[in-house]
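Below is the file my_file_2.csv, which contains CSV, C-alpha atoms and all ligand atoms.
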```csv
chain,number,residue,atom,x,y,z
A,451,MET,CA,98.1,76.2,98.5
A,452,ALA,CA,95.9,77.0,101.5
A,453,SER,CA,92.3,77.8,100.9
A,454,ALA,CA,89.5,78.9,103.2
A,455,ASN,CA,88.4,75.3,103.4
A,456,ASP,CA,91.6,74.2,105.1
A,457,THR,CA,90.4,75.6,108.3
A,458,ALA,CA,87.2,73.5,108.3
A,459,GLY,CA,86.8,71.6,111.6
A,460,MET,CA,89.3,73.8,113.3
A,461,PRO,CA,88.3,75.9,116.3
A,462,ALA,CA,86.6,79.2,115.3
A,463,ALA,CA,89.3,81.3,113.7
A,464,GLY,CA,90.1,84.5,115.6
A,465,PRO,CA,90.8,87.6,113.6
A,466,GLY,CA,94.1,87.2,111.8
A,467,LEU,CA,94.4,83.5,112.5
A,468,GLY,CA,93.9,82.6,108.9
A,469,GLY,CA,96.5,85.0,107.5
A,470,LEU,CA,95.9,88.2,105.5
A,471,ALA,CA,92.7,86.8,103.8
A,472,SER,CA,91.0,86.9,107.2
A,473,VAL,CA,91.7,90.6,107.8
A,474,ARG,CA,88.4,92.5,107.1
A,475,GLY,CA,88.4,95.4,104.6
A,476,HIS,CA,91.6,97.2,103.5
A,477,ALA,CA,91.6,95.5,100.0
A,478,VAL,CA,94.4,97.8,98.6
A,479,ALA,CA,96.7,97.4,101.6
A,480,LYS,CA,96.2,93.6,101.7
A,481,ALA,CA,96.8,93.2,97.9
A,482,GLN,CA,100.0,95.2,98.2
A,483,LEU,CA,101.2,93.1,101.1
A,484,ALA,CA,100.1,89.8,99.6
A,485,ARG,CA,102.0,90.5,96.4
A,486,ALA,CA,105.2,91.4,98.3
A,487,LEU,CA,104.9,88.4,100.6
A,488,GLU,CA,104.4,85.9,97.8
A,489,ARG,CA,107.4,87.2,95.9
A,490,GLY,CA,109.5,87.3,99.1
A,491,GLN,CA,110.0,91.0,98.6
A,492,LEU,CA,108.4,92.4,101.7
A,493,HIS,CA,110.1,95.7,102.7
A,494,HIS,CA,112.0,95.0,106.0
A,495,ALA,CA,110.4,98.0,107.8
A,496,LEU,CA,106.7,98.7,107.3
A,497,LEU,CA,104.8,101.5,108.9
A,498,LEU,CA,101.1,100.5,109.2
A,499,VAL,CA,99.3,103.7,109.7
A,500,GLY,CA,95.6,104.4,110.2
A,501,PRO,CA,92.8,105.0,112.8
A,502,ARG,CA,92.7,102.9,115.9
A,503,GLY,CA,90.8,99.7,115.9
A,504,VAL,CA,90.7,99.1,112.2
A,505,GLY,CA,92.9,96.0,112.0
A,506,LYS,CA,96.5,97.2,112.0
A,507,ALA,CA,97.7,94.8,114.8
A,508,THR,CA,95.7,92.0,113.2
A,509,THR,CA,97.4,92.6,109.9
A,510,ALA,CA,100.8,92.7,111.7
A,511,ARG,CA,100.0,89.2,113.1
A,512,ALA,CA,98.9,88.0,109.7
A,513,ILE,CA,102.2,89.2,108.1
A,514,ALA,CA,104.1,87.5,110.8
A,515,ALA,CA,102.1,84.3,110.2
A,516,ALA,CA,102.8,84.6,106.4
A,517,LEU,CA,106.6,84.9,107.2
A,518,HIS,CA,106.6,81.9,109.6
A,519,CYS,CA,103.9,79.6,108.3
A,520,SER,CA,105.3,76.1,107.6
A,521,VAL,CA,102.4,75.1,105.3
A,522,ALA,CA,101.6,78.2,103.2
A,523,ARG,CA,104.8,80.3,103.3
A,524,GLY,CA,104.0,83.8,102.1
A,525,ARG,CA,100.3,83.5,103.0
A,526,GLY,CA,99.7,81.9,106.4
A,527,CYS,CA,97.5,78.9,106.7
A,528,GLY,CA,95.9,79.6,110.1
A,529,ARG,CA,96.3,76.0,111.3
A,530,CYS,CA,99.9,75.0,111.5
A,531,SER,CA,101.8,75.3,114.8
A,532,ALA,CA,103.5,78.5,113.8
A,533,CYS,CA,100.3,80.3,112.7
A,534,GLN,CA,98.4,79.1,115.9
A,535,ARG,CA,101.2,80.2,118.2
A,536,ILE,CA,101.5,83.6,116.5
A,537,ALA,CA,97.7,84.1,116.8
A,538,ALA,CA,98.1,83.3,120.6
A,539,ASN,CA,101.2,85.6,120.9
A,540,LEU,CA,103.3,82.5,121.8
A,541,HIS,CA,105.8,82.4,119.0
A,542,ALA,CA,109.4,83.2,119.8
A,543,GLY,CA,109.9,84.6,116.3
A,544,VAL,CA,107.5,87.5,116.8
A,545,GLU,CA,108.0,90.1,119.5
A,546,TRP,CA,105.8,93.0,120.4
A,547,VAL,CA,107.6,96.1,121.7
A,548,ALA,CA,105.3,98.4,123.7
A,549,PRO,CA,105.7,101.0,126.5
A,550,GLU,CA,105.4,99.5,130.0
A,551,ALA,CA,102.2,101.5,130.6
A,552,PRO,CA,99.7,102.7,128.0
A,553,GLY,CA,100.5,106.2,126.8
A,554,GLY,CA,104.2,105.8,128.0
A,555,LYS,CA,107.4,105.7,126.0
A,556,ILE,CA,109.6,102.9,124.8
A,557,LYS,CA,112.7,103.2,126.9
A,558,VAL,CA,116.2,103.7,125.3
A,559,GLU,CA,117.6,100.8,127.4
A,560,LEU,CA,115.0,98.5,125.8
A,561,ALA,CA,115.9,99.7,122.4
A,562,ARG,CA,119.6,99.2,123.0
A,563,GLU,CA,119.0,95.7,124.3
A,564,LEU,CA,116.8,94.9,121.3
A,565,ALA,CA,119.4,96.3,118.8
A,566,ALA,CA,122.1,94.1,120.3
A,567,ARG,CA,119.9,91.0,120.4
A,568,LEU,CA,118.8,91.4,116.8
A,569,GLN,CA,122.4,91.0,115.7
A,570,LEU,CA,121.8,87.3,116.4
A,571,ALA,CA,118.3,87.0,114.9
A,572,PRO,CA,116.4,85.0,113.6
A,573,PHE,CA,116.0,82.7,116.6
A,574,GLU,CA,113.2,80.4,115.5
A,575,GLY,CA,112.8,79.6,111.8
A,576,ASP,CA,114.3,81.9,109.2
A,577,ALA,CA,112.3,85.1,110.1
A,578,HIS,CA,112.1,87.4,113.1
A,579,VAL,CA,109.3,90.0,113.3
A,580,VAL,CA,109.5,93.0,115.7
A,581,VAL,CA,106.3,94.9,116.1
A,582,PHE,CA,106.4,98.4,117.6
A,583,ASP,CA,102.9,99.2,118.9
A,584,PRO,CA,102.5,102.1,119.0
A,585,ALA,CA,105.4,103.5,117.0
A,586,GLU,CA,104.6,106.9,118.4
A,587,ALA,CA,106.1,105.6,121.7
A,588,LEU,CA,109.6,105.4,120.2
A,589,THR,CA,111.6,108.4,121.7
A,590,GLU,CA,114.3,110.1,119.7
A,591,GLN,CA,116.9,108.3,121.9
A,592,ALA,CA,115.3,104.9,121.5
A,593,THR,CA,115.1,105.5,117.7
A,594,ASN,CA,118.7,106.5,117.5
A,595,ALA,CA,119.7,103.2,119.2
A,596,LEU,CA,117.7,101.3,116.6
A,597,LEU,CA,118.5,103.3,113.5
A,598,LYS,CA,121.3,101.1,112.1
A,599,THR,CA,119.3,97.9,112.4
A,600,LEU,CA,116.2,99.6,111.2
A,601,GLU,CA,118.1,100.7,108.1
A,602,GLU,CA,119.8,97.4,107.4
A,603,PRO,CA,118.7,94.5,109.5
A,604,ARG,CA,120.0,91.0,109.3
A,605,PRO,CA,118.3,88.8,106.7
A,606,GLY,CA,114.9,87.6,107.8
A,607,VAL,CA,114.4,90.4,110.4
A,608,HIS,CA,111.3,92.5,109.8
A,609,PHE,CA,110.0,95.6,111.6
A,610,LEU,CA,106.3,96.4,111.7
A,611,LEU,CA,105.5,99.8,113.1
A,612,ILE,CA,101.9,100.6,114.1
A,613,ALA,CA,100.8,104.2,114.2
A,614,GLN,CA,97.6,106.2,114.1
A,615,ALA,CA,99.0,109.1,112.1
A,616,LEU,CA,102.2,110.0,110.3
A,617,ASP,CA,102.8,113.3,112.2
A,618,GLY,CA,103.5,111.4,115.4
A,619,ILE,CA,106.4,109.6,113.8
A,620,LEU,CA,110.0,110.8,113.8
A,621,PRO,CA,111.4,111.7,110.4
A,622,THR,CA,114.4,109.3,110.9
A,623,ILE,CA,111.9,106.5,111.2
A,624,LEU,CA,109.7,107.6,108.3
A,625,SER,CA,112.6,107.8,105.9
A,626,ARG,CA,113.4,104.1,106.6
A,627,CYS,CA,109.9,102.7,106.3
A,628,ALA,CA,107.5,101.7,103.5
A,629,ILE,CA,104.1,103.1,104.4
A,630,VAL,CA,100.9,101.0,104.3
A,631,ARG,CA,97.8,103.0,104.9
A,632,PHE,CA,94.6,101.8,106.6
A,633,GLY,CA,91.3,103.7,106.3
A,634,ARG,CA,88.1,103.4,108.4
A,635,LEU,CA,86.1,100.3,107.9
A,636,ASP,CA,82.6,100.5,106.6
A,637,ASP,CA,79.7,99.5,108.9
A,638,ASP,CA,79.3,96.1,107.3
A,639,GLU,CA,83.0,95.4,107.9
A,640,VAL,CA,82.8,96.6,111.5
A,641,ALA,CA,79.8,94.4,112.0
A,642,ALA,CA,81.5,91.4,110.5
A,643,THR,CA,84.7,91.9,112.6
A,644,LEU,CA,82.6,92.3,115.7
A,645,GLY,CA,80.8,89.1,114.9
A,646,ASP,CA,84.2,87.3,114.4
A,647,ALA,CA,85.4,88.6,117.8
A,648,LEU,CA,82.3,87.5,119.7
A,649,VAL,CA,82.6,84.0,118.2
A,650,ALA,CA,86.4,83.8,118.9
A,651,THR,CA,86.0,85.0,122.5
A,652,PRO,CA,82.4,84.6,123.6
A,653,PRO,CA,81.5,87.0,126.4
A,654,PRO,CA,79.9,85.6,129.6
A,655,GLU,CA,76.6,87.2,128.7
A,656,PRO,CA,75.4,87.1,125.1
A,657,VAL,CA,75.4,90.5,123.4
A,658,PRO,CA,71.9,91.4,122.2
A,659,PRO,CA,71.6,92.3,118.5
A,660,SER,CA,70.3,95.8,119.3
A,661,ARG,CA,73.5,96.6,121.3
A,662,GLN,CA,75.6,95.1,118.5
A,663,ALA,CA,73.9,97.4,116.0
A,664,LEU,CA,74.3,100.4,118.2
A,665,ALA,CA,78.0,99.6,118.8
A,666,VAL,CA,78.6,99.4,115.1
A,667,ARG,CA,76.9,102.7,114.4
A,668,MET,CA,78.8,104.4,117.3
A,669,ALA,CA,82.2,103.0,116.3
A,670,ASP,CA,82.7,105.3,113.3
A,671,GLY,CA,84.6,102.7,111.3
A,672,SER,CA,86.7,101.2,114.2
A,673,ALA,CA,86.1,97.6,114.9
A,674,GLY,CA,88.1,97.9,118.1
A,675,VAL,CA,85.8,100.6,119.4
A,676,ALA,CA,82.7,98.5,118.4
A,677,ILE,CA,84.0,95.5,120.3
A,678,THR,CA,84.5,97.5,123.5
A,679,LEU,CA,81.1,99.1,123.2
A,680,ALA,CA,79.3,95.9,122.4
A,681,LEU,CA,80.7,94.3,125.6
A,682,ASP,CA,79.5,97.2,127.7
A,683,ALA,CA,76.1,96.1,129.1
A,684,SER,CA,75.4,99.6,130.5
A,685,LEU,CA,75.1,100.9,127.0
A,686,ASP,CA,71.6,99.6,126.8
A,687,ALA,CA,70.5,101.7,129.7
A,688,ILE,CA,72.1,104.8,128.2
A,689,HIS,CA,70.4,104.2,124.8
A,690,ASP,CA,67.1,104.0,126.7
A,691,LEU,CA,67.9,107.2,128.5
A,692,VAL,CA,68.7,109.1,125.3
A,693,ARG,CA,65.4,108.0,123.8
A,694,ALA,CA,63.5,109.0,127.0
A,695,ALA,CA,65.3,112.4,127.2
A,696,ALA,CA,64.6,113.1,123.5
A,697,ALA,CA,60.9,112.3,124.1
A,698,ALA,CA,60.7,114.5,127.2
A,699,ALA,CA,62.4,117.4,125.5
A,700,SER,CA,59.7,117.3,122.7
A,701,ALA,CA,56.9,116.9,125.3
A,702,GLY,CA,57.9,119.8,127.4
A,703,GLU,CA,58.2,120.8,131.1
A,704,ALA,CA,55.6,118.3,132.4
A,705,GLU,CA,57.6,115.4,131.2
A,706,ILE,CA,61.0,116.9,132.0
A,707,PHE,CA,60.1,117.7,135.6
A,708,GLY,CA,57.5,114.9,136.0
A,709,GLY,CA,59.5,112.9,138.6
A,710,ASP,CA,60.4,109.3,139.0
A,711,ALA,CA,57.3,107.8,137.4
A,712,THR,CA,57.8,109.3,134.0
A,713,PRO,CA,59.6,107.4,131.2
A,714,LEU,CA,62.5,109.9,131.7
A,715,GLY,CA,62.5,109.3,135.5
A,716,GLN,CA,62.5,105.6,135.1
A,717,ALA,CA,65.3,105.6,132.5
A,718,TRP,CA,67.3,107.9,134.7
A,719,SER,CA,66.9,105.6,137.7
A,720,ALA,CA,67.9,102.6,135.6
A,721,ALA,CA,71.0,104.3,134.1
A,722,THR,CA,72.3,105.5,137.5
A,723,ALA,CA,71.3,102.6,139.7
A,724,GLY,CA,73.7,101.6,142.5
A,725,PRO,CA,74.7,102.3,146.1
A,726,THR,CA,74.3,105.8,147.6
A,727,THR,CA,78.1,106.2,147.8
A,728,GLY,CA,79.4,107.7,144.6
A,729,LYS,CA,75.9,108.5,143.3
A,730,PRO,CA,76.7,112.1,142.1
A,731,ALA,CA,79.7,110.8,140.1
A,732,ARG,CA,77.6,108.0,138.7
A,733,GLU,CA,74.9,110.5,137.7
A,734,ARG,CA,77.4,112.8,136.0
A,735,ALA,CA,78.9,109.8,134.1
A,736,ALA,CA,75.5,108.8,132.9
A,737,ALA,CA,74.7,112.3,131.8
A,738,GLN,CA,78.0,112.5,130.0
A,739,ARG,CA,77.4,109.3,128.2
A,740,LEU,CA,73.9,110.4,127.3
A,741,ALA,CA,75.4,113.6,125.8
A,742,GLU,CA,78.1,111.6,123.9
A,743,LEU,CA,75.5,109.2,122.4
A,744,TRP,CA,73.1,111.9,121.4
A,745,LEU,CA,75.9,114.0,119.9
A,746,LEU,CA,76.9,111.0,117.8
A,747,ASP,CA,73.3,110.7,116.5
A,748,LEU,CA,73.4,114.5,115.7
A,749,ARG,CA,76.8,114.2,114.0
A,750,GLU,CA,75.4,111.4,111.7
A,751,ARG,CA,72.3,113.4,110.9
A,752,ILE,CA,74.3,116.6,110.2
A,753,ARG,CA,76.4,114.5,107.8
A,754,GLY,CA,73.1,113.5,106.1
A,755,ARG,CA,73.2,109.9,107.3
A,756,ALA,CA,70.8,107.9,109.4
A,757,GLY,CA,70.7,108.6,113.2
A,758,LEU,CA,70.8,106.0,115.9
A,759,PRO,CA,68.3,103.2,116.0
A,760,GLU,CA,64.9,104.1,117.4
A,761,LEU,CA,65.7,107.7,118.0
A,762,PRO,CA,63.7,110.4,116.2
A,763,ALA,CA,65.6,113.4,114.8
A,764,ALA,CA,65.9,116.2,117.4
A,765,ALA,CA,65.4,118.9,114.8
A,766,GLU,CA,64.1,119.1,111.2
A,767,ASP,CA,66.9,121.0,109.6
A,768,ARG,CA,70.6,121.4,109.9
A,769,ALA,CA,70.4,124.7,111.8
A,770,GLY,CA,68.2,123.1,114.4
A,771,LEU,CA,70.5,120.1,114.7
A,772,LEU,CA,73.4,122.4,115.3
A,773,ARG,CA,71.5,124.3,118.0
A,774,VAL,CA,70.7,121.0,119.8
A,775,THR,CA,74.4,120.1,119.5
A,776,GLU,CA,75.3,123.4,121.2
A,777,SER,CA,72.8,122.7,124.1
A,778,LEU,CA,74.5,119.3,124.6
A,779,PHE,CA,78.0,120.8,124.5
A,780,ALA,CA,77.0,123.3,127.1
A,781,MET,CA,75.6,120.5,129.2
A,782,GLN,CA,79.0,118.7,128.9
A,783,GLN,CA,80.8,121.8,130.1
A,784,ARG,CA,78.5,122.1,133.1
A,785,LEU,CA,79.2,118.5,134.0
A,786,ASP,CA,82.9,119.0,133.6
A,787,ARG,CA,82.6,121.8,136.2
A,788,ASN,CA,80.9,119.2,138.5
A,789,ALA,CA,77.4,120.7,138.2
A,790,ASN,CA,74.5,118.6,139.4
A,791,ALA,CA,73.8,116.1,136.6
A,792,LYS,CA,70.0,116.0,136.8
A,793,LEU,CA,69.8,119.8,136.7
A,794,SER,CA,72.2,120.0,133.8
A,795,LEU,CA,70.2,117.5,131.9
A,796,GLU,CA,66.9,119.3,132.6
A,797,GLN,CA,68.4,122.6,131.5
A,798,ALA,CA,69.6,121.0,128.2
A,799,LEU,CA,66.2,119.4,127.6
A,800,LEU,CA,64.4,122.7,128.1
A,801,GLU,CA,66.7,124.4,125.6
A,802,ILE,CA,66.3,121.5,123.1
A,803,GLY,CA,62.5,121.7,123.5
A,804,ALA,CA,62.7,125.5,122.8
A,805,THR,CA,64.8,124.9,119.7
A,806,GLN,CA,62.3,122.4,118.4
A,807,ARG,CA,59.3,124.8,119.0
A,808,ARG,CA,61.2,127.6,117.3
A,809,SER,CA,62.1,125.6,114.2
A,810,ARG,CA,58.5,124.4,113.9
A,811,ALA,CA,57.4,128.1,114.1
A,812,ASP,CA,60.0,129.1,111.5
A,813,ALA,CA,58.8,126.3,109.2
A,814,ARG,CA,55.2,127.7,109.5
A,815,ALA,CA,56.3,131.3,108.9
B,901,ZN,ZN,100.5,78.2,108.9
```

Translate the structure of the given file into structure tokens.
Amino acid sequence: MASANDTAGMPAAGPGLGGLASVRGHAVAKAQLARALERGQLHHALLLVGPRGVGKATTARAIAAALHCSVARGRGCGRCSACQRIAANLHAGVEWVAPEAPGGKIKVELARELAARLQLAPFEGDAHVVVFDPAEALTEQATNALLKTLEEPRPGVHFLLIAQALDGILPTILSRCAIVRFGRLDDDEVAATLGDALVATPPPEPVPPSRQALAVRMADGSAGVAITLALDASLDAIHDLVRAAAAAASAGEAEIFGGDATPLGQAWSAATAGPTTGKPARERAAAQRLAELWLLDLRERIRGRAGLPELPAAAEDRAGLLRVTESLFAMQQRLDRNANAKLSLEQALLEIGATQRRSRADARA
């Protein structure tokens, strides 16, 4: 039996390297899969469905490791040659089928070729795992080419289909799959997964704890989103910009139009720094990101949760928060129409300041 201690002295385990036990969260799904794997009764076609970035692909890799592991069959040890090669996408008994370009479709020719080839599987060991990622990319034609083998594959052949929602999946696929549901991770699980990822693949520059915390809060239960955000150094400048913009809105016109020397002016310069070429586009991008980040803060507060770190609430009550949200949506629309970014921001900050004064006056009345 493998235990967590078996990996002592090994290189830092990447997500999924140590089998199902190393997948964060999803206790119900993991228990269901572990039982089936240990009994050798895993359904031959599993549809792993849930939001993006919560660990579906990691789980697929862990299932493949459990099926191929030479040390802890049915569990995955994380250290044998099979487990390590699966974690590195180098195992001949696990193939990922994806569209040629993101957002594209899985071609019928590819599906036909796969269906023919699977008549001879398994090729390495006694299992062969085919992962469709995303399963939404399977066209009706491609699905039809695969239906027979999807319904009744050769012994040892397993299909793992990854999808964000059931409504994107053709009924002919759905009826042949067992469904395993994935929910959003909680913030602690996202933070732990982010920590795993930064250890497994250290970025060139260390990620400051403040950005990690911000990325976790922004990710809304998706570890994949948190990892992308944490690696984005420009997020720090946008976070500063949101704080400066919020302070300027509360302070009023003198701070909003105070020029480059004000905290807002300095944060704006830092967030939009770069060559003169492309400056308007860069300014619009900064203003868009400011709006997205501030809207996230407002969404959390409207839900009754804590806002972003170091950012005071833009309004005291729900009605005020919703009005601030409207001002930021209007700003986003102006930016989408290529309006001047600084002017769009100033207009939004004036409106937000007015909302704040009105809600203070309402509170006094
Ligand atoms: Zn192993």

Taking only C-alpha atoms and all ligand atoms into account, produce a table as JSON lines in which each residue of chain A with an atom at most 7 Å from an atom of ligand ZN 901 (chain B) appears once, together with its shortest atom pair and the distance in Å to one decimal, ordered by chain and rising number.
```
{"residue": "A:Ala515", "atom": "CA", "partner": "B:ZN901", "partner_atom": "ZN", "distance": 6.4}
{"residue": "A:Cys519", "atom": "CA", "partner": "B:ZN901", "partner_atom": "ZN", "distance": 3.7}
{"residue": "A:Ser520", "atom": "CA", "partner": "B:ZN901", "partner_atom": "ZN", "distance": 5.4}
{"residue": "A:Val521", "atom": "CA", "partner": "B:ZN901", "partner_atom": "ZN", "distance": 5.1}
{"residue": "A:Ala522", "atom": "CA", "partner": "B:ZN901", "partner_atom": "ZN", "distance": 5.8}
{"residue": "A:Gly526", "atom": "CA", "partner": "B:ZN901", "partner_atom": "ZN", "distance": 4.5}
{"residue": "A:Cys527", "atom": "CA", "partner": "B:ZN901", "partner_atom": "ZN", "distance": 3.8}
{"residue": "A:Gly528", "atom": "CA", "partner": "B:ZN901", "partner_atom": "ZN", "distance": 5.0}
{"residue": "A:Arg529", "atom": "CA", "partner": "B:ZN901", "partner_atom": "ZN", "distance": 5.3}
{"residue": "A:Cys530", "atom": "CA", "partner": "B:ZN901", "partner_atom": "ZN", "distance": 4.2}
{"residue": "A:Ser531", "atom": "CA", "partner": "B:ZN901", "partner_atom": "ZN", "distance": 6.7}
{"residue": "A:Ala532", "atom": "CA", "partner": "B:ZN901", "partner_atom": "ZN", "distance": 5.8}
{"residue": "A:Cys533", "atom": "CA", "partner": "B:ZN901", "partner_atom": "ZN", "distance": 4.3}
```

Extract, using all atoms listed in the file, all DNA, RNA and protein residues at most 6 Å from stretch 558-572 of chain A, discarding same-chain residues fewer than 3 positions from it, and format them as number ranges by chain. A: 576-578, 591-592, 595-596

Quick one: everything within 10 Å of A:Glu776, counting all atoms listed in the file, minus sequence neighbours fewer than 3 positions away in the same chain. Send it as a PDB file with C-alpha atoms, keeping the file's coordinate frame.
```
ATOM      1  CA  LEU A 745      75.900 114.000 119.900  1.00  0.00           C
ATOM      2  CA  GLY A 770      68.200 123.100 114.400  1.00  0.00           C
ATOM      3  CA  LEU A 771      70.500 120.100 114.700  1.00  0.00           C
ATOM      4  CA  LEU A 772      73.400 122.400 115.300  1.00  0.00           C
ATOM      5  CA  ARG A 773      71.500 124.300 118.000  1.00  0.00           C
ATOM      6  CA  PHE A 779      78.000 120.800 124.500  1.00  0.00           C
ATOM      7  CA  ALA A 780      77.000 123.300 127.100  1.00  0.00           C
ATOM      8  CA  MET A 781      75.600 120.500 129.200  1.00  0.00           C
ATOM      9  CA  GLN A 782      79.000 118.700 128.900  1.00  0.00           C
ATOM     10  CA  ALA A 798      69.600 121.000 128.200  1.00  0.00           C
ATOM     11  CA  GLU A 801      66.700 124.400 125.600  1.00  0.00           C
ATOM     12  CA  ILE A 802      66.300 121.500 123.100  1.00  0.00           C
TER      13      ILE A 802
END
```

So, with only C-alpha atoms as the atoms that count, which of A:Ala615, A:Ala680, A:Arg604, A:Gln738 lies closest to A:Pro656? A:Ala680

Return the single residue from A:Val675, A:Leu620, A:Leu740, A:Ala650 that is closest to A:Ile688, with distances computed using only C-alpha atoms.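 Answer, going by the shortest atom-to-atom distance: A:Leu740.
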
Quick one: stretch 676-697 of chain A with N, CA and C atoms, as a compact mmCIF listing (two decimals), in the coordinates of the input?
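As a result, part01.txt now contains:
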```
# COMPACT_ATOMS: atom_id res chain seq x y z
N ALA A 676 84.00 99.25 118.38
CA ALA A 676 82.70 98.50 118.40
C ALA A 676 82.75 97.35 119.34
N ILE A 677 83.87 96.64 119.40
CA ILE A 677 84.00 95.50 120.30
C ILE A 677 83.87 95.94 121.75
N THR A 678 84.59 97.01 122.10
CA THR A 678 84.50 97.50 123.50
C THR A 678 83.11 97.95 123.83
N LEU A 679 82.45 98.65 122.92
CA LEU A 679 81.10 99.10 123.20
C LEU A 679 80.11 97.96 123.32
N ALA A 680 80.25 96.98 122.42
CA ALA A 680 79.30 95.90 122.40
C ALA A 680 79.37 95.07 123.73
N LEU A 681 80.56 95.03 124.34
CA LEU A 681 80.70 94.30 125.60
C LEU A 681 80.27 95.04 126.81
N ASP A 682 79.87 96.30 126.60
CA ASP A 682 79.50 97.20 127.70
C ASP A 682 77.97 97.12 127.90
N ALA A 683 77.52 96.29 128.86
CA ALA A 683 76.10 96.10 129.10
C ALA A 683 75.36 97.38 129.46
N SER A 684 76.09 98.32 130.08
CA SER A 684 75.40 99.60 130.50
C SER A 684 75.02 100.44 129.37
N LEU A 685 75.52 100.12 128.18
CA LEU A 685 75.10 100.90 127.00
C LEU A 685 73.65 100.86 126.73
N ASP A 686 73.02 99.71 127.02
CA ASP A 686 71.60 99.60 126.80
C ASP A 686 70.79 100.62 127.58
N ALA A 687 71.17 100.79 128.85
CA ALA A 687 70.50 101.70 129.70
C ALA A 687 70.66 103.18 129.21
N ILE A 688 71.86 103.48 128.71
CA ILE A 688 72.10 104.80 128.20
C ILE A 688 71.33 105.09 126.92
N HIS A 689 71.24 104.07 126.07
CA HIS A 689 70.40 104.20 124.80
C HIS A 689 68.99 104.48 125.20
N ASP A 690 68.45 103.74 126.20
CA ASP A 690 67.10 104.00 126.70
C ASP A 690 66.94 105.43 127.19
N LEU A 691 67.97 105.85 127.92
CA LEU A 691 67.90 107.20 128.50
C LEU A 691 67.90 108.28 127.46
N VAL A 692 68.70 108.11 126.40
CA VAL A 692 68.70 109.10 125.30
C VAL A 692 67.31 109.19 124.69
N ARG A 693 66.70 108.02 124.46
CA ARG A 693 65.40 108.00 123.80
C ARG A 693 64.34 108.70 124.75
N ALA A 694 64.41 108.41 126.06
CA ALA A 694 63.50 109.00 127.00
C ALA A 694 63.71 110.53 127.10
N ALA A 695 64.99 110.93 127.08
CA ALA A 695 65.30 112.40 127.20
C ALA A 695 64.82 113.10 125.95
N ALA A 696 65.00 112.49 124.78
CA ALA A 696 64.60 113.10 123.50
C ALA A 696 63.04 113.29 123.55
N ALA A 697 62.33 112.27 124.00
CA ALA A 697 60.90 112.30 124.10
C ALA A 697 60.42 113.41 125.04
```
